[in-house]
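Coordinates from run_11.txt are shown below (compact mmCIF, C-alpha atoms and all ligand atoms).
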# COMPACT_ATOMS: atom_id res chain seq x y z
CA MET A 1 77.01 -29.21 192.37
CA LYS A 2 75.22 -28.77 195.70
CA VAL A 3 71.58 -28.84 196.75
CA ASN A 4 69.79 -25.86 198.28
CA ALA A 5 69.88 -26.65 202.01
CA THR A 6 67.44 -23.88 202.97
CA ARG A 7 64.81 -25.00 200.49
CA LEU A 8 65.23 -28.64 201.52
CA GLN A 9 64.68 -27.74 205.17
CA GLN A 10 61.59 -25.68 204.28
CA HIS A 11 60.15 -28.66 202.45
CA PHE A 12 60.66 -30.91 205.47
CA GLU A 13 59.07 -28.33 207.72
CA ALA A 14 56.06 -27.88 205.43
CA MET A 15 55.55 -31.64 205.06
CA SER A 16 55.76 -32.17 208.82
CA LEU A 17 52.61 -30.05 209.28
CA ILE A 18 50.50 -32.52 207.28
CA GLY A 19 49.18 -35.13 209.70
CA LYS A 20 51.12 -33.58 212.54
CA ILE A 21 50.59 -35.17 215.95
CA GLY A 22 52.03 -33.68 219.11
CA GLU A 23 55.18 -31.59 218.77
CA THR A 24 57.19 -33.74 216.40
CA GLY A 25 55.02 -36.68 215.38
CA THR A 26 53.27 -37.63 212.15
CA CYS A 27 50.22 -39.74 211.35
CA ARG A 28 49.68 -39.78 207.59
CA PRO A 29 48.02 -43.06 206.65
CA ALA A 30 48.14 -44.44 203.12
CA HIS A 31 45.39 -43.60 200.58
CA THR A 32 43.86 -40.87 202.76
CA ALA A 33 43.06 -37.18 202.38
CA LEU A 34 46.15 -36.44 204.46
CA GLU A 35 48.40 -38.37 202.11
CA LYS A 36 46.70 -36.60 199.20
CA GLU A 37 47.54 -33.29 200.84
CA GLY A 38 51.15 -34.44 201.16
CA PHE A 39 51.09 -35.43 197.48
CA GLN A 40 49.73 -32.04 196.43
CA ILE A 41 52.45 -30.09 198.12
CA ALA A 42 55.15 -32.54 196.97
CA ALA A 43 53.75 -32.31 193.41
CA SER A 44 54.04 -28.52 193.55
CA TRP A 45 57.74 -28.89 194.44
CA MET A 46 58.18 -31.47 191.67
CA LYS A 47 56.73 -28.98 189.17
CA GLU A 48 59.04 -26.25 190.42
CA ALA A 49 61.89 -28.69 189.84
CA GLY A 50 60.85 -29.08 186.21
CA MET A 51 58.90 -32.31 186.48
CA THR A 52 55.46 -33.28 185.22
CA THR A 53 53.38 -35.08 187.83
CA ARG A 54 50.66 -37.69 188.04
CA ILE A 55 49.03 -40.02 190.53
CA ASP A 56 48.78 -43.54 189.13
CA ASN A 57 46.14 -46.19 189.75
CA PHE A 58 48.02 -47.69 192.69
CA GLY A 59 47.99 -44.33 194.46
CA ASN A 60 51.65 -43.52 193.76
CA LEU A 61 52.71 -39.92 193.15
CA ILE A 62 55.13 -39.80 190.21
CA GLY A 63 57.17 -36.83 189.03
CA ARG A 64 59.00 -37.07 185.72
CA LEU A 65 61.82 -35.02 184.30
CA GLU A 66 61.77 -35.83 180.62
CA GLY A 67 65.16 -36.79 179.21
CA LYS A 68 66.52 -36.04 175.75
CA ASN A 69 65.88 -39.64 174.87
CA PRO A 70 62.57 -40.58 176.53
CA SER A 71 62.69 -44.13 175.20
CA LEU A 72 65.67 -44.99 177.45
CA PRO A 73 64.88 -46.84 180.70
CA VAL A 74 64.30 -44.33 183.51
CA LEU A 75 66.46 -43.54 186.48
CA MET A 76 64.01 -43.87 189.35
CA MET A 77 64.34 -42.40 192.84
CA GLY A 78 61.97 -42.18 195.73
CA SER A 79 60.48 -43.53 198.92
CA HIS A 80 57.13 -42.88 200.62
CA LEU A 81 55.07 -40.12 202.23
CA ASP A 82 52.73 -42.35 204.22
CA SER A 83 53.72 -42.75 207.86
CA GLN A 84 53.18 -45.04 210.80
CA PRO A 85 50.16 -44.14 212.99
CA TYR A 86 52.56 -42.87 215.64
CA GLY A 87 55.47 -41.99 213.39
CA GLY A 88 58.13 -39.38 212.85
CA ARG A 89 58.87 -36.65 210.31
CA PHE A 90 61.65 -38.32 208.35
CA ASP A 91 60.87 -41.98 207.62
CA GLY A 92 60.10 -42.11 203.89
CA VAL A 93 59.78 -38.33 203.63
CA ALA A 94 63.57 -38.00 203.49
CA GLY A 95 63.79 -40.18 200.38
CA VAL A 96 61.07 -38.28 198.52
CA LEU A 97 62.12 -34.75 199.44
CA CYS A 98 65.84 -35.34 198.84
CA ALA A 99 65.06 -36.89 195.43
CA ILE A 100 62.96 -33.84 194.48
CA GLU A 101 65.80 -31.60 195.68
CA VAL A 102 68.25 -33.54 193.50
CA VAL A 103 66.12 -32.98 190.40
CA ALA A 104 65.63 -29.30 191.28
CA THR A 105 69.42 -28.97 191.56
CA LEU A 106 70.00 -30.63 188.19
CA SER A 107 67.41 -28.37 186.55
CA GLU A 108 68.87 -25.23 188.10
CA ASN A 109 72.25 -26.22 186.75
CA GLY A 110 70.79 -26.56 183.26
CA ILE A 111 71.21 -30.31 183.08
CA ILE A 112 68.85 -32.12 180.75
CA PRO A 113 69.71 -35.79 181.12
CA GLU A 114 69.69 -38.30 178.27
CA ARG A 115 67.40 -40.67 180.16
CA SER A 116 64.31 -39.48 181.98
CA ILE A 117 64.35 -39.27 185.75
CA GLU A 118 61.33 -40.17 187.86
CA VAL A 119 60.73 -39.41 191.52
CA ILE A 120 58.08 -41.57 193.16
CA SER A 121 56.30 -41.39 196.46
CA PHE A 122 55.15 -44.99 196.72
CA ALA A 123 51.71 -45.74 198.10
CA ASP A 124 51.44 -47.57 201.41
CA GLU A 125 55.00 -48.57 202.10
CA GLU A 126 54.31 -48.88 205.80
CA GLY A 127 51.67 -51.59 205.58
CA TRP A 128 49.94 -51.15 208.94
CA ARG A 129 46.58 -49.97 207.62
CA PHE A 130 45.88 -53.15 205.60
CA ASN A 131 48.53 -55.37 207.16
CA LYS A 132 50.48 -55.55 203.95
CA GLY A 133 53.08 -53.05 202.85
CA LEU A 134 55.12 -52.02 199.80
CA PHE A 135 51.80 -51.72 197.97
CA GLY A 136 52.69 -49.11 195.36
CA SER A 137 56.17 -50.43 194.68
CA ARG A 138 54.90 -53.98 194.20
CA GLY A 139 51.95 -52.65 192.21
CA ILE A 140 53.98 -50.98 189.48
CA LEU A 141 55.86 -54.25 189.02
CA GLY A 142 52.71 -56.37 188.70
CA LYS A 143 53.41 -58.08 192.01
CA LEU A 144 50.16 -57.68 193.91
CA GLU A 145 48.81 -60.85 195.44
CA GLU A 146 45.42 -62.50 195.18
CA GLY A 147 42.82 -60.96 197.48
CA GLU A 148 44.90 -57.92 198.40
CA LEU A 149 42.22 -55.43 197.50
CA GLN A 150 39.78 -57.11 199.87
CA ARG A 151 41.98 -56.54 202.91
CA ALA A 152 40.19 -54.14 205.27
CA ASP A 153 41.51 -51.59 207.72
CA LYS A 154 40.30 -51.38 211.33
CA ASP A 155 37.23 -49.38 210.25
CA GLY A 156 36.24 -52.03 207.72
CA ILE A 157 37.30 -49.98 204.69
CA THR A 158 38.80 -52.26 202.05
CA ARG A 159 41.89 -51.38 200.07
CA GLU A 160 39.66 -51.35 197.00
CA GLN A 161 37.38 -48.72 198.52
CA ALA A 162 40.29 -46.66 199.83
CA LEU A 163 41.87 -46.62 196.38
CA LYS A 164 38.60 -45.60 194.73
CA ASP A 165 38.12 -42.83 197.28
CA PHE A 166 41.65 -41.70 196.52
CA GLY A 167 40.71 -41.36 192.85
CA CYS A 168 42.37 -44.50 191.51
CA ASP A 169 40.82 -46.71 188.85
CA ILE A 170 41.46 -50.26 189.99
CA THR A 171 40.37 -51.66 186.63
CA LYS A 172 43.35 -49.91 185.06
CA PHE A 173 46.22 -51.28 187.14
CA LYS A 174 47.86 -52.63 183.97
CA GLU A 175 48.23 -49.10 182.61
CA SER A 176 50.20 -48.13 185.70
CA GLU A 177 52.62 -51.05 185.55
CA TYR A 178 56.20 -50.66 184.34
CA LYS A 179 57.31 -53.04 181.63
CA PRO A 180 60.31 -55.27 182.36
CA GLY A 181 63.47 -53.38 181.44
CA SER A 182 61.84 -49.95 181.58
CA ILE A 183 63.56 -49.00 184.86
CA PHE A 184 67.30 -48.50 184.52
CA CYS A 185 68.02 -48.43 188.25
CA PHE A 186 66.51 -47.31 191.55
CA LEU A 187 68.04 -45.08 194.18
CA GLU A 188 66.54 -44.57 197.64
CA LEU A 189 67.72 -42.38 200.45
CA HIS A 190 66.30 -43.30 203.85
CA ILE A 191 67.01 -42.57 207.47
CA GLU A 192 68.84 -45.54 208.96
CA GLN A 193 66.16 -46.38 211.56
CA GLY A 194 68.90 -48.03 213.59
CA PRO A 195 71.77 -46.79 215.77
CA VAL A 196 74.84 -47.92 213.79
CA LEU A 197 75.70 -44.57 212.17
CA ASP A 198 74.86 -42.57 215.27
CA MET A 199 77.06 -44.79 217.42
CA ALA A 200 79.91 -44.54 214.91
CA ASN A 201 79.38 -40.78 214.69
CA LYS A 202 79.02 -40.86 210.90
CA PRO A 203 76.32 -38.87 209.10
CA ILE A 204 76.03 -41.06 206.00
CA GLY A 205 76.13 -44.79 205.31
CA VAL A 206 76.26 -46.81 202.11
CA VAL A 207 73.76 -49.66 202.22
CA SER A 208 75.09 -53.08 201.27
CA GLY A 209 71.69 -54.71 201.00
CA ILE A 210 68.39 -55.38 202.67
CA SER A 211 68.49 -58.39 204.94
CA GLY A 212 66.09 -61.18 204.32
CA PRO A 213 63.60 -61.92 207.05
CA VAL A 214 62.44 -65.37 208.07
CA TRP A 215 59.13 -65.21 209.91
CA TRP A 216 57.83 -68.27 211.74
CA THR A 217 54.96 -69.08 214.02
CA VAL A 218 56.04 -71.80 216.45
CA LYS A 219 53.43 -73.76 218.38
CA LEU A 220 54.40 -75.92 221.37
CA LYS A 221 52.01 -78.37 222.94
CA GLY A 222 52.35 -79.94 226.37
CA MET A 223 49.87 -80.96 229.01
CA ALA A 224 47.82 -78.75 231.31
CA GLY A 225 47.71 -79.61 235.01
CA HIS A 226 47.32 -78.13 238.45
CA SER A 227 50.29 -75.95 239.28
CA GLY A 228 50.05 -77.02 242.92
CA SER A 229 50.10 -80.74 242.47
CA VAL A 230 51.84 -82.00 239.32
CA PRO A 231 55.40 -82.96 240.36
CA MET A 232 58.12 -81.18 238.43
CA PRO A 233 59.74 -84.28 236.86
CA ILE A 234 56.58 -85.35 235.04
CA ARG A 235 55.42 -81.99 233.76
CA LYS A 236 55.01 -81.15 230.09
CA ASP A 237 55.24 -77.41 230.46
CA ALA A 238 54.98 -75.57 227.15
CA MET A 239 55.94 -72.28 228.80
CA VAL A 240 59.30 -73.60 229.96
CA GLY A 241 59.92 -74.95 226.46
CA ALA A 242 59.12 -71.54 224.95
CA ALA A 243 61.39 -69.78 227.42
CA GLU A 244 64.32 -72.05 226.54
CA ILE A 245 63.72 -71.61 222.82
CA ILE A 246 63.66 -67.81 223.16
CA ILE A 247 67.01 -67.95 224.98
CA ALA A 248 68.35 -70.37 222.35
CA LEU A 249 67.42 -67.96 219.53
CA ASN A 250 69.18 -65.18 221.35
CA GLU A 251 72.32 -67.31 221.78
CA ILE A 252 72.33 -68.42 218.15
CA VAL A 253 72.08 -64.95 216.63
CA THR A 254 74.75 -63.49 218.93
CA GLN A 255 77.40 -66.18 218.48
CA ILE A 256 79.52 -64.00 216.21
CA PRO A 257 80.14 -60.71 218.05
CA GLY A 258 79.51 -57.73 215.81
CA ALA A 259 77.64 -59.66 213.10
CA PRO A 260 74.42 -57.99 211.93
CA THR A 261 72.25 -61.06 212.56
CA VAL A 262 69.11 -60.30 214.60
CA GLY A 263 66.44 -62.56 216.09
CA THR A 264 63.27 -61.56 217.91
CA VAL A 265 60.34 -63.26 219.58
CA GLY A 266 57.84 -60.42 219.71
CA THR A 267 54.62 -62.19 220.62
CA LEU A 268 53.64 -65.03 222.91
CA ASN A 269 50.19 -66.63 223.19
CA VAL A 270 49.57 -68.88 226.13
CA PHE A 271 46.74 -71.37 226.61
CA PRO A 272 44.87 -71.54 228.90
CA ALA A 273 46.71 -68.60 230.51
CA SER A 274 45.85 -69.17 234.14
CA ARG A 275 48.24 -68.59 237.00
CA ASN A 276 47.56 -72.00 238.49
CA ILE A 277 47.53 -74.12 235.36
CA ILE A 278 50.67 -75.43 233.72
CA ALA A 279 50.65 -73.98 230.19
CA GLU A 280 49.40 -76.55 227.73
CA GLU A 281 50.02 -74.61 224.56
CA VAL A 282 52.31 -71.73 223.75
CA SER A 283 52.68 -70.20 220.33
CA PHE A 284 55.07 -67.42 219.47
CA THR A 285 56.49 -65.61 216.46
CA VAL A 286 60.11 -65.66 215.38
CA ASP A 287 61.58 -62.85 213.28
CA PHE A 288 65.06 -63.68 212.17
CA ARG A 289 67.19 -61.64 209.74
CA ASP A 290 70.63 -61.64 208.24
CA ILE A 291 72.30 -60.22 205.17
CA ASP A 292 74.47 -63.34 204.84
CA LEU A 293 72.23 -66.06 203.45
CA ASP A 294 74.62 -68.95 204.23
CA ARG A 295 74.86 -67.86 207.82
CA ARG A 296 71.11 -67.36 208.06
CA ASN A 297 70.53 -70.86 206.70
CA ARG A 298 73.08 -72.29 209.14
CA TYR A 299 71.46 -70.52 212.08
CA GLU A 300 68.02 -71.57 210.96
CA LYS A 301 69.17 -75.20 211.05
CA GLN A 302 70.69 -74.65 214.51
CA LEU A 303 67.43 -73.18 215.77
CA ARG A 304 65.41 -76.07 214.38
CA ASP A 305 67.80 -78.53 216.11
CA ARG A 306 67.54 -76.66 219.39
CA ILE A 307 63.73 -76.59 219.19
CA ASP A 308 63.82 -80.32 218.58
CA ALA A 309 66.07 -80.99 221.58
CA ILE A 310 64.26 -78.61 223.94
CA THR A 311 60.81 -79.99 223.14
CA GLN A 312 62.08 -83.56 223.62
CA LYS A 313 63.52 -82.63 226.98
CA HIS A 314 60.16 -81.28 228.13
CA GLN A 315 58.09 -83.90 226.32
CA LEU A 316 56.37 -81.35 224.11
CA THR A 317 55.25 -81.60 220.52
CA TYR A 318 55.83 -78.70 218.16
CA GLU A 319 54.89 -77.23 214.82
CA ILE A 320 56.75 -74.57 212.89
CA SER A 321 54.88 -72.69 210.17
CA GLU A 322 56.81 -70.40 207.92
CA ASP A 323 54.94 -67.12 207.34
CA THR A 324 57.55 -65.30 205.27
CA LYS A 325 60.96 -66.11 203.91
CA SER A 326 62.68 -63.64 201.64
CA ASP A 327 66.25 -63.72 200.56
CA PRO A 328 68.62 -60.87 201.31
CA ARG A 329 68.75 -58.45 198.38
CA TYR A 330 72.12 -56.91 197.68
CA CYS A 331 72.69 -53.42 196.33
CA ALA A 332 74.40 -53.26 192.94
CA ASP A 333 78.18 -53.01 193.29
CA TRP A 334 78.41 -50.34 190.60
CA ILE A 335 75.93 -48.06 192.38
CA LYS A 336 77.57 -48.65 195.77
CA GLU A 337 80.88 -47.71 194.17
CA MET A 338 79.42 -44.44 192.88
CA ILE A 339 77.96 -43.59 196.28
CA HIS A 340 81.33 -44.35 197.90
CA ASN A 341 83.08 -42.16 195.30
CA GLU A 342 80.80 -39.27 196.06
CA CYS A 343 81.25 -39.72 199.81
CA LYS A 344 85.03 -39.56 199.29
CA THR A 345 84.68 -36.39 197.24
CA LEU A 346 82.66 -34.84 200.07
CA GLU A 347 85.24 -36.13 202.57
CA LEU A 348 82.70 -38.27 204.31
CA ASP A 349 83.96 -41.44 205.83
CA ALA A 350 80.85 -43.47 205.04
CA PRO A 351 80.68 -46.99 206.39
CA GLU A 352 78.83 -49.75 204.60
CA LEU A 353 75.92 -51.27 206.48
CA MET A 354 72.97 -53.49 205.83
CA SER A 355 69.34 -52.56 206.28
CA GLY A 356 67.34 -54.66 208.70
CA PRO A 357 63.99 -53.04 207.83
CA PHE A 358 62.55 -53.35 204.33
CA HIS A 359 62.02 -50.41 202.04
CA ASP A 360 60.44 -49.82 198.63
CA ALA A 361 63.89 -50.64 197.25
CA LEU A 362 63.27 -54.26 198.25
CA ALA A 363 60.38 -54.48 195.77
CA LEU A 364 62.36 -52.63 193.10
CA SER A 365 65.34 -54.96 193.57
CA TYR A 366 63.44 -57.62 191.62
CA ALA A 367 63.13 -55.30 188.62
CA CYS A 368 66.43 -53.44 188.39
CA ASP A 369 69.77 -52.69 190.06
CA TYR A 370 69.39 -50.55 193.15
CA GLY A 371 71.39 -48.52 195.63
CA MET A 372 70.55 -46.96 198.99
CA ILE A 373 71.97 -44.10 201.01
CA PHE A 374 71.39 -44.05 204.76
CA VAL A 375 71.25 -40.87 206.83
CA ARG A 376 72.02 -41.04 210.54
CA CYS A 377 69.08 -40.78 212.91
CA LYS A 378 69.45 -39.91 216.56
CA ASP A 379 69.79 -42.93 218.84
CA GLY A 380 68.42 -45.07 216.03
CA ILE A 381 64.87 -44.12 217.03
CA SER A 382 62.24 -44.49 214.30
CA HIS A 383 58.51 -45.30 213.99
CA ASN A 384 58.20 -42.89 216.88
CA PRO A 385 57.54 -39.12 217.06
CA LEU A 386 61.01 -38.81 218.62
CA GLU A 387 62.60 -39.84 215.32
CA TYR A 388 65.19 -37.18 214.43
CA SER A 389 67.72 -36.52 211.68
CA SER A 390 69.44 -33.16 211.46
CA TYR A 391 68.95 -30.94 208.40
CA GLU A 392 72.75 -30.87 208.06
CA ASP A 393 72.86 -34.65 207.72
CA LEU A 394 69.88 -34.73 205.37
CA THR A 395 71.55 -32.09 203.20
CA LEU A 396 74.73 -34.15 203.12
CA GLY A 397 72.65 -37.15 202.06
CA ALA A 398 71.00 -35.13 199.29
CA ASN A 399 74.42 -33.95 198.12
CA VAL A 400 75.70 -37.53 198.02
CA MET A 401 72.60 -38.32 195.98
CA VAL A 402 73.22 -35.52 193.46
CA GLY A 403 76.78 -36.71 192.92
CA THR A 404 75.63 -40.29 192.54
CA VAL A 405 72.92 -39.34 190.05
CA LEU A 406 75.43 -37.38 187.98
CA GLN A 407 77.62 -40.49 187.77
CA ILE A 408 74.65 -42.72 186.93
CA LEU A 409 73.67 -40.34 184.12
CA GLN A 410 77.12 -40.86 182.59
CA LYS A 411 76.49 -44.58 182.29
ZN ZN B 1 60.32 -45.91 205.42
Just dump the structure as structure tokens.
Amino acid sequence: MKVNATRLQQHFEAMSLIGKIGETGTCRPAHTALEKEGFQIAASWMKEAGMTTRIDNFGNLIGRLEGKNPSLPVLMMGSHLDSQPYGGRFDGVAGVLCAIEVVATLSENGIIPERSIEVISFADEEGWRFNKGLFGSRGILGKLEEGELQRADKDGITREQALKDFGCDITKFKESEYKPGSIFCFLELHIEQGPVLDMANKPIGVVSGISGPVWWTVKLKGMAGHSGSVPMPIRKDAMVGAAEIIIALNEIVTQIPGAPTVGTVGTLNVFPASRNIIAEEVSFTVDFRDIDLDRRNRYEKQLRDRIDAITQKHQLTYEISEDTKSDPRYCADWIKEMIHNECKTLELDAPELMSGPFHDALALSYACDYGMIFVRCKDGISHNPLEYSSYEDLTLGANVMVGTVLQILQK
């Protein structure tokens, strides 16, 4: 059973016109008229595929193919149609459009599954508008946090207002939640957003899990002084301390060649930030991820020890505040096996790889077993209008998904 490659490509092309920026870019922010437009066209394709559609109170678009036994937990697939402000055509879109194509293919082949299938475009996966992502996927699981609706975007519009404007009833969140046990499993196809598949020259990858990030803010405090007069041996230079810690992080995460561990210091704030004052205070963020929790814990300890030693050497004091710490979430072995089986059938040599970025599947992983299929993207570029996956690769991904769904429906 194969998907309709021409139709799939047409859907990508049509979706890319909504919120189009430049030649190949997309800006389709969450809970906006543009996302609504994306939902309307996606809903029309869902209906053609035999699904009923609705938009829930979290702003998720949900298509449902009713099974013979609607009381069985649903097989859920999906991703998101919101994009980064300066994003590409495939991030999130691939997972929604391929899932719709899978259901269309099942319907065209006369398959009415026992359990119902749902395809969801989750609201605000990207998280940049209100500085908090995975909104719709956490919402349906009752996992929103205190005060989330009061977060405002850069124009001062709160999430609450944006949801109301979108047509959602925020007093009825409960009605849009899924009860524990009501989701059988979740399947998400996504572009890799990294270079591993492209470098290995493989179109499709089987995701092993989503790596857990540790996010810290580290603050170093030394002593300001005139850069022309304070002798080097008695300085307490917070900038030098920060520089050594950044190098230390880099050394720690690269000690096993080929391991997927990554560490990044992406911001640096310096006080008082004058060219002729020794930096008194430097704070910076640490983003540190690994799929192997033992190794991540080991490295975290190493980094703490190094920070301790480096700050002592430079007579600095330090503070580490932990902003986020989530555990790696592994894909279900049985779903991975089915994806591998299908890749073998299609004669694809699909490597297994972890996902550094999060996806809606991360939220779903707390509610049910999940699996993910990665599609190669050129040079690993994503969150950028240059993001590119070929329609051939996307079609292969959708075909792997059909085969996987057929196996899941046997279970
Ligand atoms: Zn995405």
Contacts between ligand ZN 1 (chain B) and chain A, please, where a residue of chain A counts if it comes within 10 Å (with all atoms listed in the file); show its shortest atom pair and distance in Å to one decimal, rows by chain and ascending number, as a Markdown table.
| residue | atom | partner | partner_atom | distance |
| --- | --- | --- | --- | --- |
| A:Ser79 | CA | B:ZN1 | ZN | 6.9 |
| A:His80 | CA | B:ZN1 | ZN | 6.5 |
| A:Leu81 | CA | B:ZN1 | ZN | 8.4 |
| A:Asp82 | CA | B:ZN1 | ZN | 8.5 |
| A:Ser83 | CA | B:ZN1 | ZN | 7.7 |
| A:Gln84 | CA | B:ZN1 | ZN | 9.0 |
| A:Phe90 | CA | B:ZN1 | ZN | 8.2 |
| A:Asp91 | CA | B:ZN1 | ZN | 4.5 |
| A:Gly92 | CA | B:ZN1 | ZN | 4.1 |
| A:Val93 | CA | B:ZN1 | ZN | 7.8 |
| A:Ala94 | CA | B:ZN1 | ZN | 8.8 |
| A:Gly95 | CA | B:ZN1 | ZN | 8.4 |
| A:Asp124 | CA | B:ZN1 | ZN | 9.9 |
| A:Glu125 | CA | B:ZN1 | ZN | 6.8 |
| A:Glu126 | CA | B:ZN1 | ZN | 6.7 |
| A:Leu134 | CA | B:ZN1 | ZN | 9.8 |
| A:Leu189 | CA | B:ZN1 | ZN | 9.6 |
| A:His190 | CA | B:ZN1 | ZN | 6.7 |
| A:Ile191 | CA | B:ZN1 | ZN | 7.8 |
| A:Glu192 | CA | B:ZN1 | ZN | 9.2 |
| A:Gln193 | CA | B:ZN1 | ZN | 8.5 |
| A:Pro357 | CA | B:ZN1 | ZN | 8.4 |
| A:Phe358 | CA | B:ZN1 | ZN | 7.8 |
| A:His359 | CA | B:ZN1 | ZN | 5.9 |
| A:Asp360 | CA | B:ZN1 | ZN | 7.8 |
| A:Ser382 | CA | B:ZN1 | ZN | 9.2 |
| A:His383 | CA | B:ZN1 | ZN | 8.8 |
Saved selection, atoms kept: C-alpha atoms, as a PDB file, keeping the file's coordinate frame:
ATOM      1  CA  SER A  79      60.480 -43.530 198.920  1.00  0.00           C
ATOM      2  CA  HIS A  80      57.130 -42.880 200.620  1.00  0.00           C
ATOM      3  CA  LEU A  81      55.070 -40.120 202.230  1.00  0.00           C
ATOM      4  CA  ASP A  82      52.730 -42.350 204.220  1.00  0.00           C
ATOM      5  CA  SER A  83      53.720 -42.750 207.860  1.00  0.00           C
ATOM      6  CA  GLN A  84      53.180 -45.040 210.800  1.00  0.00           C
ATOM      7  CA  PHE A  90      61.650 -38.320 208.350  1.00  0.00           C
ATOM      8  CA  ASP A  91      60.870 -41.980 207.620  1.00  0.00           C
ATOM      9  CA  GLY A  92      60.100 -42.110 203.890  1.00  0.00           C
ATOM     10  CA  VAL A  93      59.780 -38.330 203.630  1.00  0.00           C
ATOM     11  CA  ALA A  94      63.570 -38.000 203.490  1.00  0.00           C
ATOM     12  CA  GLY A  95      63.790 -40.180 200.380  1.00  0.00           C
ATOM     13  CA  ASP A 124      51.440 -47.570 201.410  1.00  0.00           C
ATOM     14  CA  GLU A 125      55.000 -48.570 202.100  1.00  0.00           C
ATOM     15  CA  GLU A 126      54.310 -48.880 205.800  1.00  0.00           C
ATOM     16  CA  LEU A 134      55.120 -52.020 199.800  1.00  0.00           C
ATOM     17  CA  LEU A 189      67.720 -42.380 200.450  1.00  0.00           C
ATOM     18  CA  HIS A 190      66.300 -43.300 203.850  1.00  0.00           C
ATOM     19  CA  ILE A 191      67.010 -42.570 207.470  1.00  0.00           C
ATOM     20  CA  GLU A 192      68.840 -45.540 208.960  1.00  0.00           C
ATOM     21  CA  GLN A 193      66.160 -46.380 211.560  1.00  0.00           C
ATOM     22  CA  PRO A 357      63.990 -53.040 207.830  1.00  0.00           C
ATOM     23  CA  PHE A 358      62.550 -53.350 204.330  1.00  0.00           C
ATOM     24  CA  HIS A 359      62.020 -50.410 202.040  1.00  0.00           C
ATOM     25  CA  ASP A 360      60.440 -49.820 198.630  1.00  0.00           C
ATOM     26  CA  SER A 382      62.240 -44.490 214.300  1.00  0.00           C
ATOM     27  CA  HIS A 383      58.510 -45.300 213.990  1.00  0.00           C
TER      28      HIS A 383
END
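Contact shell of segment 140-149 of chain A at 6 Å (only C-alpha atoms; same-chain neighbours under 4 positions omitted): Arg159, Glu160, Glu177 and Tyr178 of chain A.
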Atom-to-atom span, atom CA of Asn276 of chain A and atom CA of Thr217 of chain A, Å |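 Computing it gives 25.7 Å between the two atoms.
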Closest of A:Phe135, A:Tyr388, A:Phe39, A:Phe58 to Lys174 of chain A, counting only C-alpha atoms, is A:Phe58
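Take atom CA of Gln312 of chain A and atom CA of Leu293 of chain A: the distance between them is 28.6 Å.
The environment of segment 368-375 of chain A within 6 Å, counting only C-alpha atoms and disregarding residues fewer than 6 places along the same chain, consists of A:Cys185, A:Phe186, A:Leu187, A:Glu188, A:Leu189, A:His190, A:Ile191, A:Glu192, A:Pro203, A:Ile204, A:Gly205, A:Val206, A:Val207, A:Cys331, A:Ala332, A:Ile335.
Each of A:Asn384, A:Ser182, A:Asn60, A:Thr345 was compared to Cys27 of chain A using all atoms listed in the file, and A:Asn384 turns out to be the nearest.
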Practice problem: For atom CA of Glu251 of chain A and atom CA of Ile234 of chain A, determine how far apart the two atoms are, in Å to one decimal place. | Solution: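 Here the two named atoms are 27.4 Å from each other.
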